[in-house]
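Chemist: Let me give you the structure first, and then I'll get to my questions.
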Amino acid sequence: MDGRNGPGNPYELTDDTPVYVISVAAQLSGLHPQTLRQYDRLGLVSPDRTPGRGRRYSARDIQLLREVQRLSQDAGINLAGIKRIIELENQVAALQAKVAELQQALEGAAVAMRQREAQVHASYRRDLVPYQDVRHSSAIVVWRPDRRR
């Protein structure tokens with residue numbers, strides 16, 4: 001196992017769980033088994049391997065096989081171009097995950113900073129009045145004596 005199933009229940013089936021042998025994967029994707037072997041050799045779709053080196057495809061692998069077929073047949077993209085597209089899509093997904101992780105860390109740091117700031121403000125002594133040295137002030141004060149006397 002390569003850890004793609006995640007930390008949950010080891011018997012839980014996910015889209016990444018390798019369960020399909022090559023003949024079933026070929027049927028589900030509408031491709032010939034030899035085409036799946038070629039895609040594996042080229043690194044387009046890399047299924048998991050059993051201890052006996054047999055290929056096991058996941059539901060996500062089947063989706064990727066269908067996408068490779070669509071790009072090749074409908075869009076006319078060669079296999080090298082498809083491989084580059086897949087690499088770039090994987091890179092974008094990894095970067096999006098990293099951005100989400102960093103945003104979460106940033107939000108956590110902002111919350112911690114606001115909490116610390118609140119603690120500092122709460123520690124202020126309220127009986128003190130700030131001193132302002134008027135000798136260095138540039139304010140002009142006009143004094144008028146009281147004329148009522």
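A note on labels: chains of the structure tokens are A, B, ... as shown, every chain counts residues from 1, and ligands are counted from 1 in their shown order.
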Find the residues around Gln63 (chain A) up to 12 Å (only C-alpha atoms counted), leave out those fewer than 2 positions away in its own chain, and share them as JSON, numbers by chain.

Modeler: {"A": [15, 16, 25, 26, 28, 29, 30, 45, 57, 58, 59, 60, 61, 65, 66, 67, 68, 69, 70]}

Chemist: May I ask for the distance between CA of Leu36 (chain A) and CA of Pro10 (chain A), given in Å to one decimal place?

Modeler: 26.8 Å

Chemist: Enumerate, as a count of residues only, the complete set of residues in region 3-105 of chain A that a backbone-based DSSP assignment places in alpha helix (DSSP H).

Modeler: 60

Chemist: Return as a PyMOL selection string the full set of residues in region 1-133 of chain A whose backbone-based DSSP assignment is strand (DSSP E or B).

Modeler: chain A and resi 20+48-49+55-57

Chemist: Give me, please, the distance in Å between CA of Ser46 (chain A) and CA of Ile86 (chain A), quoted to one decimal.

Modeler: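 Result for CA of Ser46 (chain A) versus CA of Ile86 (chain A): 11.8 Å, one decimal.
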
Chemist: What's around Gly54 (chain A) at 12 Å? Count only C-alpha atoms, leave out sequence neighbours fewer than 2 positions away in its own chain, and write the answer as a PyMOL selection string.

Modeler: chain A and resi 18-23+37+46-52+56-57

Chemist: Hey, which of A:Ala100, A:Leu71, A:Met113, A:Leu44 ends up closest to Lys83 (chain A)? Count only C-alpha atoms.

Modeler: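 Ranking A:Ala100, A:Leu71, A:Met113, A:Leu44 by distance to Lys83 (chain A), first place goes to A:Leu44.
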
Chemist: Counting only C-alpha atoms, figure out which residue out of A:Val92, A:Ile85, A:Leu102, A:Ile62 gets nearest to Val24 (chain A).

Modeler: A:Ile62

Chemist: Work out how far CA of Leu31 (chain A) is from CA of Leu64 (chain A), in Å to one decimal.

Modeler: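 Those two atoms sit 12.0 Å apart.
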